[in-house]
file run.cif (mmCIF, C-alpha atoms)
data_run
#
loop_
_atom_site.label_atom_id
_atom_site.label_comp_id
_atom_site.auth_asym_id
_atom_site.auth_seq_id
_atom_site.Cartn_x
_atom_site.Cartn_y
_atom_site.Cartn_z
CA MET A 1 -14.13 1.96 -27.66
CA SER A 2 -16.06 1.82 -30.94
CA LEU A 3 -15.95 -1.14 -33.29
CA GLY A 4 -13.82 1.04 -35.59
CA ASP A 5 -11.24 1.50 -32.81
CA ILE A 6 -11.10 -2.24 -32.20
CA ILE A 7 -10.60 -2.99 -35.90
CA ALA A 8 -7.95 -0.27 -36.17
CA ARG A 9 -6.14 -1.73 -33.18
CA ILE A 10 -6.23 -5.25 -34.63
CA ILE A 11 -5.02 -4.08 -38.06
CA LYS A 12 -2.17 -2.08 -36.52
CA ARG A 13 -1.45 -5.01 -34.16
CA GLU A 14 -1.05 -2.48 -31.40
CA GLU A 15 -1.39 -3.88 -27.89
CA PRO A 16 -3.45 -1.90 -25.41
CA SER A 17 -1.26 0.55 -23.47
CA LYS A 18 -2.08 -1.15 -20.18
CA GLU A 19 -0.41 -4.34 -21.41
CA LYS A 20 2.76 -2.34 -21.98
CA ALA A 21 2.39 -0.86 -18.48
CA LYS A 22 1.99 -4.32 -16.99
CA LYS A 23 5.03 -5.76 -18.75
CA ARG A 24 7.20 -2.79 -17.80
CA LEU A 25 6.04 -2.92 -14.19
CA LYS A 26 6.67 -6.64 -13.84
CA LEU A 27 10.22 -6.23 -15.09
CA VAL A 28 11.04 -3.18 -13.01
CA LEU A 29 9.58 -4.76 -9.88
CA MET A 30 11.51 -7.97 -10.36
CA HIS A 31 14.63 -5.87 -10.45
CA ASP A 32 13.54 -3.65 -7.50
CA ARG A 33 12.72 -6.65 -5.36
CA ALA A 34 15.96 -8.39 -6.23
CA VAL A 35 18.36 -5.51 -5.75
CA LEU A 36 16.58 -4.06 -2.77
CA ALA A 37 17.29 -6.98 -0.53
CA PRO A 38 21.07 -7.06 -0.05
CA GLU A 39 20.60 -8.27 3.53
CA ILE A 40 18.64 -11.28 2.23
CA LEU A 41 21.38 -11.94 -0.35
CA GLY A 42 23.91 -11.84 2.48
CA LEU A 43 21.90 -14.41 4.46
CA ILE A 44 21.59 -16.72 1.45
CA LYS A 45 25.32 -16.39 0.87
CA ASP A 46 26.19 -17.34 4.46
CA GLU A 47 23.87 -20.34 4.43
CA VAL A 48 25.11 -21.57 1.04
CA ILE A 49 28.72 -21.34 2.24
CA GLY A 50 27.67 -23.23 5.39
CA VAL A 51 26.26 -26.13 3.39
CA ILE A 52 29.05 -26.32 0.84
CA SER A 53 31.87 -26.06 3.39
CA LYS A 54 30.65 -29.31 4.95
CA TYR A 55 32.13 -31.07 1.92
CA VAL A 56 34.62 -28.68 0.39
CA ASP A 57 37.07 -26.23 1.84
CA VAL A 58 35.80 -22.93 0.40
CA GLU A 59 37.24 -19.48 0.44
CA GLY A 60 34.40 -17.58 2.13
CA GLU A 61 35.97 -14.19 1.49
CA GLY A 62 35.99 -14.60 -2.27
CA THR A 63 32.38 -15.77 -2.53
CA GLU A 64 30.10 -13.64 -4.67
CA LEU A 65 26.36 -13.93 -4.97
CA SER A 66 24.39 -11.83 -7.41
CA ILE A 67 21.16 -11.66 -9.32
CA GLU A 68 21.58 -11.26 -13.04
CA SER A 69 19.13 -10.92 -15.88
CA ILE A 70 19.33 -13.45 -18.65
CA GLY A 71 16.95 -12.38 -21.38
CA ASP A 72 13.55 -12.00 -19.75
CA ALA A 73 14.41 -14.12 -16.70
CA TYR A 74 16.52 -13.56 -13.61
CA ALA A 75 19.09 -15.98 -12.19
CA LEU A 76 20.92 -16.27 -8.91
CA ILE A 77 24.61 -16.57 -9.76
CA ALA A 78 27.05 -17.80 -7.13
CA SER A 79 30.82 -17.82 -7.53
CA ILE A 80 32.49 -19.81 -4.74
CA PRO A 81 36.26 -20.37 -4.89
CA ILE A 82 37.23 -23.85 -3.65
CA ARG A 83 40.52 -24.59 -1.89
CA ASP A 84 40.20 -28.34 -1.35
CA VAL A 85 37.68 -31.17 -1.09
CA LYS A 86 37.12 -32.58 2.40
CA ARG A 87 37.67 -36.23 1.53
CA THR A 88 36.58 -37.79 4.83
CA ALA A 89 33.42 -35.69 4.98
CA VAL A 90 32.51 -36.63 1.42
CA LYS A 91 33.18 -40.32 2.10
CA GLU A 92 31.01 -40.25 5.21
CA ALA A 93 28.21 -38.47 3.40
CA MET A 94 28.26 -41.04 0.59
CA MET A 95 28.10 -43.88 3.10
CA ARG A 96 25.16 -42.19 4.87
CA ALA A 97 23.40 -41.80 1.56
CA ARG A 98 23.89 -45.48 0.71
CA ARG A 99 22.59 -46.56 4.07
CA GLY A 100 19.57 -44.34 3.54
CA GLN A 101 18.65 -46.07 0.27
CA MET B 1 -12.25 -3.37 23.72
CA PRO B 2 -9.12 -1.42 22.70
CA GLY B 3 -9.29 0.31 19.32
CA ARG B 4 -7.61 -0.69 16.06
CA VAL B 5 -4.73 1.43 14.83
CA MET B 6 -4.56 1.59 11.04
CA VAL B 7 -2.00 3.47 8.98
CA VAL B 8 -2.83 4.69 5.48
CA THR B 9 0.25 4.88 3.30
CA SER B 10 1.30 4.90 -0.35
CA GLY B 11 4.93 5.70 -1.00
CA LYS B 12 4.10 8.07 -3.84
CA GLY B 13 2.42 11.36 -3.06
CA GLY B 14 -0.74 12.63 -4.70
CA VAL B 15 -2.59 9.31 -4.94
CA GLY B 16 -5.33 10.35 -2.52
CA LYS B 17 -4.10 9.18 0.89
CA THR B 18 -5.47 12.10 2.83
CA THR B 19 -8.83 12.03 1.02
CA ALA B 20 -9.08 8.31 1.77
CA VAL B 21 -8.24 8.80 5.45
CA ALA B 22 -10.83 11.56 5.81
CA ASN B 23 -13.61 9.69 4.00
CA ILE B 24 -13.02 6.21 5.41
CA GLY B 25 -12.75 7.70 8.91
CA ALA B 26 -15.92 9.74 8.44
CA ALA B 27 -17.77 6.69 7.09
CA LEU B 28 -16.74 4.67 10.16
CA ALA B 29 -17.87 7.51 12.45
CA LEU B 30 -21.21 7.66 10.62
CA ARG B 31 -21.62 3.99 11.56
CA GLY B 32 -21.44 5.06 15.19
CA LYS B 33 -17.78 4.21 15.81
CA ARG B 34 -15.52 6.53 17.77
CA VAL B 35 -12.84 7.57 15.28
CA VAL B 36 -9.71 9.71 15.52
CA LEU B 37 -7.71 10.71 12.45
CA VAL B 38 -4.03 11.35 13.12
CA ASP B 39 -2.12 13.54 10.67
CA ALA B 40 1.42 12.17 10.83
CA ASP B 41 2.71 14.42 8.04
CA ILE B 42 4.65 16.69 10.39
CA GLY B 43 5.56 19.97 8.71
CA LEU B 44 3.08 19.49 5.84
CA ARG B 45 -0.26 19.51 7.61
CA ASN B 46 -3.22 18.94 5.27
CA LEU B 47 -5.76 16.54 6.75
CA ASP B 48 -7.28 19.55 8.58
CA VAL B 49 -8.13 21.40 5.36
CA VAL B 50 -9.54 18.27 3.71
CA LEU B 51 -11.83 17.86 6.74
CA GLY B 52 -12.67 21.58 6.83
CA LEU B 53 -11.33 21.90 10.38
CA GLU B 54 -8.36 24.19 9.72
CA ASN B 55 -9.75 27.09 11.76
CA ARG B 56 -10.25 25.12 14.91
CA ILE B 57 -6.74 23.90 15.66
CA VAL B 58 -5.16 25.02 18.92
CA TYR B 59 -2.57 22.34 19.71
CA ASP B 60 -0.99 19.67 17.52
CA LEU B 61 0.67 16.26 17.61
CA VAL B 62 4.12 17.64 18.46
CA ASP B 63 2.66 19.62 21.39
CA VAL B 64 1.15 16.38 22.73
CA VAL B 65 4.34 14.39 22.28
CA GLU B 66 6.42 17.09 23.97
CA GLY B 67 3.94 17.42 26.84
CA ALA B 68 3.03 21.03 26.03
CA CYS B 69 -0.64 20.08 26.29
CA ARG B 70 -2.81 17.13 27.24
CA LEU B 71 -3.91 14.75 24.46
CA LYS B 72 -7.59 15.68 24.84
CA GLN B 73 -6.77 19.39 24.41
CA ALA B 74 -5.24 18.76 20.99
CA LEU B 75 -8.14 16.71 19.61
CA VAL B 76 -10.40 18.69 17.26
CA LYS B 77 -13.98 17.50 17.14
CA ASP B 78 -15.66 17.45 13.72
CA LYS B 79 -18.50 19.93 13.43
CA ARG B 80 -20.88 17.73 11.40
CA ILE B 81 -20.10 14.13 12.28
CA GLN B 82 -20.46 12.88 15.85
CA GLU B 83 -17.58 10.80 17.17
CA LEU B 84 -15.09 12.01 14.53
CA TYR B 85 -11.92 13.67 15.83
CA LEU B 86 -8.69 15.00 14.33
CA LEU B 87 -5.24 15.08 15.87
CA PRO B 88 -3.55 17.64 13.61
CA ALA B 89 0.07 17.59 12.48
CA SER B 90 2.36 20.42 13.38
CA GLN B 91 2.90 22.88 10.54
CA SER B 92 5.91 24.73 11.93
CA ARG B 93 8.04 21.80 13.11
CA MET B 94 10.02 19.26 11.12
CA LYS B 95 9.37 15.53 11.15
CA ASP B 96 12.46 14.91 13.30
CA ALA B 97 10.44 16.37 16.17
CA VAL B 98 8.79 12.98 16.69
CA ARG B 99 10.37 9.57 17.31
CA PRO B 100 8.77 6.16 16.51
CA GLU B 101 8.51 5.18 20.20
CA GLN B 102 6.63 8.43 20.92
CA MET B 103 4.16 7.62 18.13
CA ARG B 104 3.74 4.14 19.57
CA ALA B 105 2.95 5.57 23.02
CA LEU B 106 0.51 8.07 21.49
CA CYS B 107 -1.36 5.33 19.59
CA GLU B 108 -1.58 3.23 22.77
CA GLU B 109 -3.11 6.20 24.57
CA LEU B 110 -5.67 6.81 21.79
CA ARG B 111 -6.56 3.11 21.66
CA LYS B 112 -8.17 3.42 25.10
CA ASP B 113 -10.69 6.04 23.95
CA PHE B 114 -11.39 5.24 20.31
CA ASP B 115 -12.62 2.30 18.20
CA TYR B 116 -10.50 3.34 15.22
CA ILE B 117 -7.27 5.32 15.10
CA ILE B 118 -6.42 6.09 11.47
CA VAL B 119 -2.95 7.48 10.83
CA ASP B 120 -2.33 9.49 7.66
CA SER B 121 1.26 8.75 6.63
CA PRO B 122 3.42 11.25 4.75
CA ALA B 123 4.61 10.30 1.26
CA GLY B 124 8.02 8.68 1.07
CA ILE B 125 9.64 5.88 3.07
CA GLU B 126 11.87 7.84 5.44
CA ARG B 127 11.48 9.01 9.04
CA GLY B 128 7.89 10.26 8.68
CA PHE B 129 6.76 6.92 7.24
CA GLN B 130 8.57 5.01 10.00
CA ASN B 131 6.82 7.23 12.59
CA ALA B 132 3.44 6.69 10.95
CA ILE B 133 3.66 2.89 10.95
CA ALA B 134 5.29 2.63 14.40
CA GLY B 135 2.09 2.35 16.45
CA ALA B 136 -0.11 0.67 13.82
CA ASP B 137 -1.58 -2.84 13.84
CA GLU B 138 -2.72 -2.81 10.22
CA ALA B 139 -1.92 -0.88 7.05
CA ILE B 140 -3.98 0.27 4.11
CA VAL B 141 -1.83 0.85 1.03
CA ILE B 142 -3.29 3.32 -1.47
CA THR B 143 -2.27 3.36 -5.10
CA THR B 144 -3.56 4.70 -8.39
CA PRO B 145 -3.48 2.44 -11.47
CA ASP B 146 -0.32 3.92 -13.01
CA VAL B 147 3.22 2.57 -13.24
CA ALA B 148 4.84 5.10 -10.88
CA ALA B 149 2.32 4.70 -8.06
CA VAL B 150 2.21 0.89 -8.34
CA ARG B 151 6.00 0.69 -8.24
CA ASP B 152 6.15 2.83 -5.08
CA ALA B 153 3.31 0.81 -3.53
CA ASP B 154 5.37 -2.34 -4.07
CA ARG B 155 8.31 -0.81 -2.23
CA VAL B 156 6.05 0.20 0.68
CA ILE B 157 4.49 -3.29 0.82
CA GLY B 158 8.01 -4.73 1.07
CA LEU B 159 8.77 -2.45 4.03
CA LEU B 160 5.44 -3.27 5.69
CA GLU B 161 6.14 -7.00 5.34
CA ALA B 162 9.45 -6.49 7.11
CA SER B 163 7.73 -4.60 9.96
CA SER B 164 5.58 -5.95 12.77
CA LEU B 165 2.18 -5.06 11.27
CA SER B 166 -0.32 -7.89 11.21
CA SER B 167 -1.96 -7.13 7.88
CA HIS B 168 -1.88 -4.82 4.90
CA LYS B 169 -4.56 -4.38 2.27
CA LEU B 170 -4.81 -2.40 -0.94
CA VAL B 171 -7.13 0.37 -2.11
CA ILE B 172 -6.90 1.30 -5.77
CA ASN B 173 -7.95 4.93 -6.09
CA ARG B 174 -9.04 7.12 -9.00
CA VAL B 175 -9.85 4.34 -11.44
CA ARG B 176 -11.35 5.52 -14.73
CA MET B 177 -13.59 2.75 -16.01
CA ASP B 178 -13.86 4.33 -19.46
CA MET B 179 -10.07 3.98 -19.84
CA VAL B 180 -10.05 0.48 -18.31
CA ARG B 181 -12.61 -0.59 -20.91
CA LYS B 182 -10.36 0.70 -23.71
CA GLY B 183 -7.39 -1.19 -22.28
CA ASP B 184 -5.66 2.08 -21.49
CA MET B 185 -5.62 1.73 -17.71
CA LEU B 186 -4.54 -1.12 -15.45
CA ASP B 187 -7.61 -2.77 -13.92
CA GLN B 188 -7.97 -4.21 -10.43
CA GLU B 189 -6.93 -7.72 -11.51
CA ASP B 190 -3.74 -6.35 -13.09
CA VAL B 191 -2.76 -4.37 -9.99
CA VAL B 192 -3.54 -7.22 -7.59
CA GLU B 193 -1.60 -9.66 -9.77
CA ILE B 194 1.44 -7.38 -9.79
CA LEU B 195 1.41 -6.45 -6.11
CA ALA B 196 0.16 -9.80 -4.71
CA ILE B 197 -1.84 -8.16 -1.90
CA GLU B 198 -5.41 -8.45 -0.67
CA LEU B 199 -7.78 -5.89 -2.16
CA LEU B 200 -9.89 -3.74 0.16
CA GLY B 201 -11.59 -1.50 -2.37
CA VAL B 202 -11.58 0.11 -5.81
CA VAL B 203 -12.52 3.79 -5.86
CA PRO B 204 -13.58 5.38 -9.14
CA GLU B 205 -12.20 8.75 -10.25
CA ASP B 206 -14.85 11.25 -9.25
CA GLU B 207 -14.75 15.02 -9.75
CA LYS B 208 -17.07 15.38 -6.78
CA VAL B 209 -14.03 14.69 -4.58
CA ILE B 210 -12.38 17.88 -5.82
CA ILE B 211 -15.59 19.88 -5.43
CA SER B 212 -16.17 18.59 -1.89
CA THR B 213 -12.56 19.24 -0.90
CA ASN B 214 -12.84 22.81 -2.21
CA LYS B 215 -15.65 23.33 0.27
CA GLY B 216 -14.07 21.46 3.17
CA GLU B 217 -16.70 18.75 2.92
CA LEU B 218 -16.52 14.98 2.44
CA VAL B 219 -17.97 12.87 -0.39
CA VAL B 220 -19.18 10.18 2.01
CA THR B 221 -21.81 12.63 3.31
CA GLU B 222 -23.21 13.13 -0.21
CA GLY B 223 -25.42 10.51 -1.78
CA GLY B 224 -24.51 11.32 -5.37
CA SER B 225 -20.82 10.49 -5.32
CA ALA B 226 -19.53 7.19 -6.74
CA ALA B 227 -16.24 7.61 -4.84
CA GLY B 228 -18.15 8.37 -1.65
CA ARG B 229 -20.22 5.20 -2.02
CA GLU B 230 -17.07 3.10 -2.38
CA PHE B 231 -15.40 4.77 0.63
CA ILE B 232 -18.49 3.79 2.64
CA ARG B 233 -18.21 0.19 1.40
CA ILE B 234 -14.50 0.17 2.34
CA ALA B 235 -15.42 1.36 5.85
CA ARG B 236 -18.01 -1.43 6.15
CA ARG B 237 -15.43 -4.02 5.02
CA ILE B 238 -12.95 -2.70 7.60
CA ASP B 239 -15.70 -2.96 10.21
CA GLY B 240 -16.14 -6.65 9.44
CA GLU B 241 -18.94 -6.77 6.85
CA GLU B 242 -18.59 -9.08 3.86
CA ILE B 243 -19.22 -6.92 0.82
CA PRO B 244 -17.94 -8.17 -2.54
CA ILE B 245 -15.65 -5.82 -4.46
CA THR B 246 -17.34 -4.72 -7.65
CA GLU B 247 -16.41 -1.97 -9.98
CA GLU B 248 -18.93 0.78 -9.57
CA GLU B 249 -18.96 2.17 -13.09
CA GLY B 250 -19.73 -0.65 -15.51
CA LYS B 251 -17.76 -3.86 -15.86
CA GLY B 252 -14.45 -5.14 -17.14
CA PHE B 253 -13.53 -5.11 -20.81
CA MET B 254 -14.38 -8.78 -21.42
CA ASP B 255 -17.81 -8.38 -19.81
CA TRP B 256 -18.35 -5.37 -22.00
CA LEU B 257 -17.39 -7.35 -25.12
CA LYS B 258 -19.64 -10.21 -24.08
CA GLY B 259 -22.39 -7.65 -23.55
CA ILE B 260 -22.09 -6.42 -27.13
CA PHE B 261 -22.05 -9.88 -28.68
CA GLY B 262 -24.78 -11.02 -26.31
CA ARG B 263 -27.00 -8.18 -27.46
CA ARG B 264 -26.33 -8.78 -31.12
CA GLY B 265 -26.41 -12.56 -31.05
#
call {"tool": "encode", "arguments": {"input": "run.cif", "output": "structure tokens"}}
result
Amino acid sequence: MSLGDIIARIIKREEPSKEKAKKRLKLVLMHDRAVLAPEILGLIKDEVIGVISKYVDVEGEGTELSIESIGDAYALIASIPIRDVKRTAVKEAMMRARRGQ
Amino acid sequence: MPGRVMVVTSGKGGVGKTTAVANIGAALALRGKRVVLVDADIGLRNLDVVLGLENRIVYDLVDVVEGACRLKQALVKDKRIQELYLLPASQSRMKDAVRPEQMRALCEELRKDFDYIIVDSPAGIERGFQNAIAGADEAIVITTPDVAAVRDADRVIGLLEASSLSSHKLVINRVRMDMVRKGDMLDQEDVVEILAIELLGVVPEDEKVIISTNKGELVVTEGGSAAGREFIRIARRIDGEEIPITEEEGKGFMDWLKGIFGRRG
């Protein structure tokens, strides 16, 4: 690249094409990696339900776990319908927590 | 000591898998290792023509797997390099002719006689790919520095991580340093950052590869080829030598800039 090319690039504020390639790749791979692992999503879902159902009575069938893009970032979104709170379990857990302190 | 089984794979076709297999294998054989190259691209045989051995094939991988011949009968010995052998793919059969457990048994058999068993995987991630990785201990992923090849390499790396292979390393092939310097081609840092995988080598684009392949020869046997020199270094790294990875043709863009200002200042 000659000095002229560099100046032209700065004046036009054009980023080198490899930077565009890198940005596009990072985005597409984030999506590939996220959507290509439904079995992992299934595992996460089962484990999350396992933890939550210790304290609340959840409707496992209606649980949905998905990866969504929010602007440039990705988020794990869980929707877990609750039937009831397990009062005794919650009380016990709170007592355990106090004792731990 | 039993040999190491390595699979060379890429996901995308046309990135130079077969050329890499032929040259890395030849470079290992030139170091005195016993090497067999296995063409696992059943139905689309091409490692034989890259090696210049296409006229010497009698039996192929499917014949061995089906018991139509003994393994030793199917091995084609290279005419120039001692200790380099080819197990050719079948050209007339389809890839369903072989099952992963048969490939695993074949690799175990070859392990007894060879130091290195290098399996050339077909493009794609279906049956042929699963066959190619079935008997392997390690994988070499080949990519070129473009968005399509890097994306496919990422997919393949994901599948390799989910398999039982102990390691996988990356070779970036056909890098044009003139374009890297202009910022018009991903450099090795970019690709490694994106794929998060250990780098084994960076091979420059070299027209001598095409010329050698036209003649059925290999660039590692020629002194004047930049790609050939890097394939030799890759072979030495595989064989346990510590050789730093440097870009053959010039340096990175920032070094180049520093060079200019350094000269002028």
call {"tool": "closest_residue", "arguments": {"input": "run.cif", "among": "A:Gly60, A:Pro81, A:Pro16, A:Gly4", "to": "Asp46 in chain A", "atoms": "only C-alpha atoms"}}
result
A:Gly60
call {"tool": "atom_distance", "arguments": {"input": "run.cif", "atom1": "CA of Pro2 in chain B", "atom2": "CA of Glu109 in chain B"}}
result
9.9 Å
call {"tool": "atom_distance", "arguments": {"input": "run.cif", "atom1": "CA of Ala149 in chain B", "atom2": "CA of Gly240 in chain B"}}
result
27.9 Å
call {"tool": "residues_around", "arguments": {"input": "run.cif", "residues": "Lys18 in chain A", "least_positions_apart": "4", "cutoff": "7 Å", "atoms": "all atoms listed in the file", "output": "MDAnalysis selection string"}}
result
(chainID A and resid 22) or (chainID B and resid 183:186)
call {"tool": "resolve_selection", "arguments": {"input": "run.cif", "expression": "the PyMOL selection byres ((chain B) within 9 of (chain A))", "output": "list in words"}}
result
Asp146, Val147, Ala148, Val150, Arg151, Asp154, Arg155, Gly158, Asp178, Val180, Arg181, Lys182, Gly183, Asp184, Met185, Leu186, Asp187, Asp190, Val191 and Ile194 of chain B
call {"tool": "write_last_selection", "arguments": {"input": "run.cif", "atoms": "C-alpha atoms", "output": "compact mmCIF listing (two decimals), keeping the file's coordinate frame"}}
result
# COMPACT_ATOMS: atom_id res chain seq x y z
CA ASP B 146 -0.32 3.92 -13.01
CA VAL B 147 3.22 2.57 -13.24
CA ALA B 148 4.84 5.10 -10.88
CA VAL B 150 2.21 0.89 -8.34
CA ARG B 151 6.00 0.69 -8.24
CA ASP B 154 5.37 -2.34 -4.07
CA ARG B 155 8.31 -0.81 -2.23
CA GLY B 158 8.01 -4.73 1.07
CA ASP B 178 -13.86 4.33 -19.46
CA VAL B 180 -10.05 0.48 -18.31
CA ARG B 181 -12.61 -0.59 -20.91
CA LYS B 182 -10.36 0.70 -23.71
CA GLY B 183 -7.39 -1.19 -22.28
CA ASP B 184 -5.66 2.08 -21.49
CA MET B 185 -5.62 1.73 -17.71
CA LEU B 186 -4.54 -1.12 -15.45
CA ASP B 187 -7.61 -2.77 -13.92
CA ASP B 190 -3.74 -6.35 -13.09
CA VAL B 191 -2.76 -4.37 -9.99
CA ILE B 194 1.44 -7.38 -9.79
call {"tool": "axis_aligned_box", "arguments": {"input": "run.cif", "around": "range 24-33 of chain A", "padding_each_side": "6 Å", "output": "lines of an AutoDock Vina configuration file"}}
result
center_x = 10.3
center_y = -5.4
center_z = -11.6
size_x = 20.6
size_y = 17.2
size_z = 24.4
call {"tool": "resolve_selection", "arguments": {"input": "run.cif", "expression": "the PyMOL selection byres ((chain A and resi 77-80) around 10)", "output": "list of chain:residue names"}}
result
A:Lys45, A:Val48, A:Ile49, A:Ile52, A:Val58, A:Glu59, A:Gly60, A:Glu61, A:Gly62, A:Thr63, A:Glu64, A:Leu65, A:Ser66, A:Ile67, A:Glu68, A:Ser69, A:Tyr74, A:Ala75, A:Leu76, A:Pro81, A:Ile82, A:Arg83
call {"tool": "atom_distance", "arguments": {"input": "run.cif", "atom1": "CA of Glu126 in chain B", "atom2": "CA of Ala162 in chain B"}}
result
14.6 Å
call {"tool": "closest_residue", "arguments": {"input": "run.cif", "among": "B:Val50, B:Ile140, B:Leu37, B:Val202", "to": "Gly216 in chain B", "atoms": "all atoms listed in the file"}}
result
B:Val50
call {"tool": "residues_around", "arguments": {"input": "run.cif", "residues": "Asp239 in chain B", "least_positions_apart": "6", "cutoff": "12 Å", "atoms": "all atoms listed in the file", "output": "mmCIF file with C-alpha atoms, keeping the file's coordinate frame"}}
result
data_model
loop_
_atom_site.group_PDB
_atom_site.id
_atom_site.type_symbol
_atom_site.label_atom_id
_atom_site.label_comp_id
_atom_site.auth_asym_id
_atom_site.auth_seq_id
_atom_site.Cartn_x
_atom_site.Cartn_y
_atom_site.Cartn_z
ATOM 1 C CA GLY B 3 -9.290 0.310 19.320
ATOM 2 C CA ARG B 4 -7.610 -0.690 16.060
ATOM 3 C CA ILE B 24 -13.020 6.210 5.410
ATOM 4 C CA GLY B 25 -12.750 7.700 8.910
ATOM 5 C CA ALA B 27 -17.770 6.690 7.090
ATOM 6 C CA LEU B 28 -16.740 4.670 10.160
ATOM 7 C CA ALA B 29 -17.870 7.510 12.450
ATOM 8 C CA LEU B 30 -21.210 7.660 10.620
ATOM 9 C CA ARG B 31 -21.620 3.990 11.560
ATOM 10 C CA GLY B 32 -21.440 5.060 15.190
ATOM 11 C CA LYS B 33 -17.780 4.210 15.810
ATOM 12 C CA ASP B 115 -12.620 2.300 18.200
ATOM 13 C CA TYR B 116 -10.500 3.340 15.220
ATOM 14 C CA LEU B 200 -9.890 -3.740 0.160
ATOM 15 C CA ILE B 232 -18.490 3.790 2.640
ATOM 16 C CA ARG B 233 -18.210 0.190 1.400
#
call {"tool": "closest_residue", "arguments": {"input": "run.cif", "among": "B:Ala20, B:Leu71, B:Ile210, B:Leu87", "to": "Arg45 in chain B", "atoms": "only C-alpha atoms"}}
result
B:Leu87
call {"tool": "residues_around", "arguments": {"input": "run.cif", "residues": "Pro100 in chain B", "least_positions_apart": "2", "cutoff": "10 Å", "atoms": "all atoms listed in the file", "output": "PDB file with C-alpha atoms, keeping the file's coordinate frame"}}
result
ATOM      1  CA  VAL B  98       8.790  12.980  16.690  1.00  0.00           C
ATOM      2  CA  GLN B 102       6.630   8.430  20.920  1.00  0.00           C
ATOM      3  CA  MET B 103       4.160   7.620  18.130  1.00  0.00           C
ATOM      4  CA  ARG B 104       3.740   4.140  19.570  1.00  0.00           C
ATOM      5  CA  ALA B 105       2.950   5.570  23.020  1.00  0.00           C
ATOM      6  CA  LEU B 106       0.510   8.070  21.490  1.00  0.00           C
ATOM      7  CA  ARG B 127      11.480   9.010   9.040  1.00  0.00           C
ATOM      8  CA  GLY B 128       7.890  10.260   8.680  1.00  0.00           C
ATOM      9  CA  PHE B 129       6.760   6.920   7.240  1.00  0.00           C
ATOM     10  CA  GLN B 130       8.570   5.010  10.000  1.00  0.00           C
ATOM     11  CA  ASN B 131       6.820   7.230  12.590  1.00  0.00           C
ATOM     12  CA  ALA B 132       3.440   6.690  10.950  1.00  0.00           C
ATOM     13  CA  ILE B 133       3.660   2.890  10.950  1.00  0.00           C
ATOM     14  CA  ALA B 134       5.290   2.630  14.400  1.00  0.00           C
ATOM     15  CA  GLY B 135       2.090   2.350  16.450  1.00  0.00           C
TER      16      GLY B 135
END
call {"tool": "closest_residue", "arguments": {"input": "run.cif", "among": "A:Val90, A:Met30, A:Glu39, A:Arg96", "to": "Asp57 in chain A", "atoms": "only C-alpha atoms"}}
result
A:Val90
call {"tool": "residues_around", "arguments": {"input": "run.cif", "residues": "Val62 in chain B", "least_positions_apart": "3", "cutoff": "8 Å", "atoms": "all atoms listed in the file", "output": "JSON, numbers by chain"}}
result
{"B": [65, 66, 89, 90, 93, 97, 98]}
call {"tool": "resolve_selection", "arguments": {"input": "run.cif", "expression": "the PyMOL selection byres ((chain B and resi 85) around 7)", "output": "PyMOL selection string"}}
result
chain B and resi 35-37+75-78+83-84+86-87
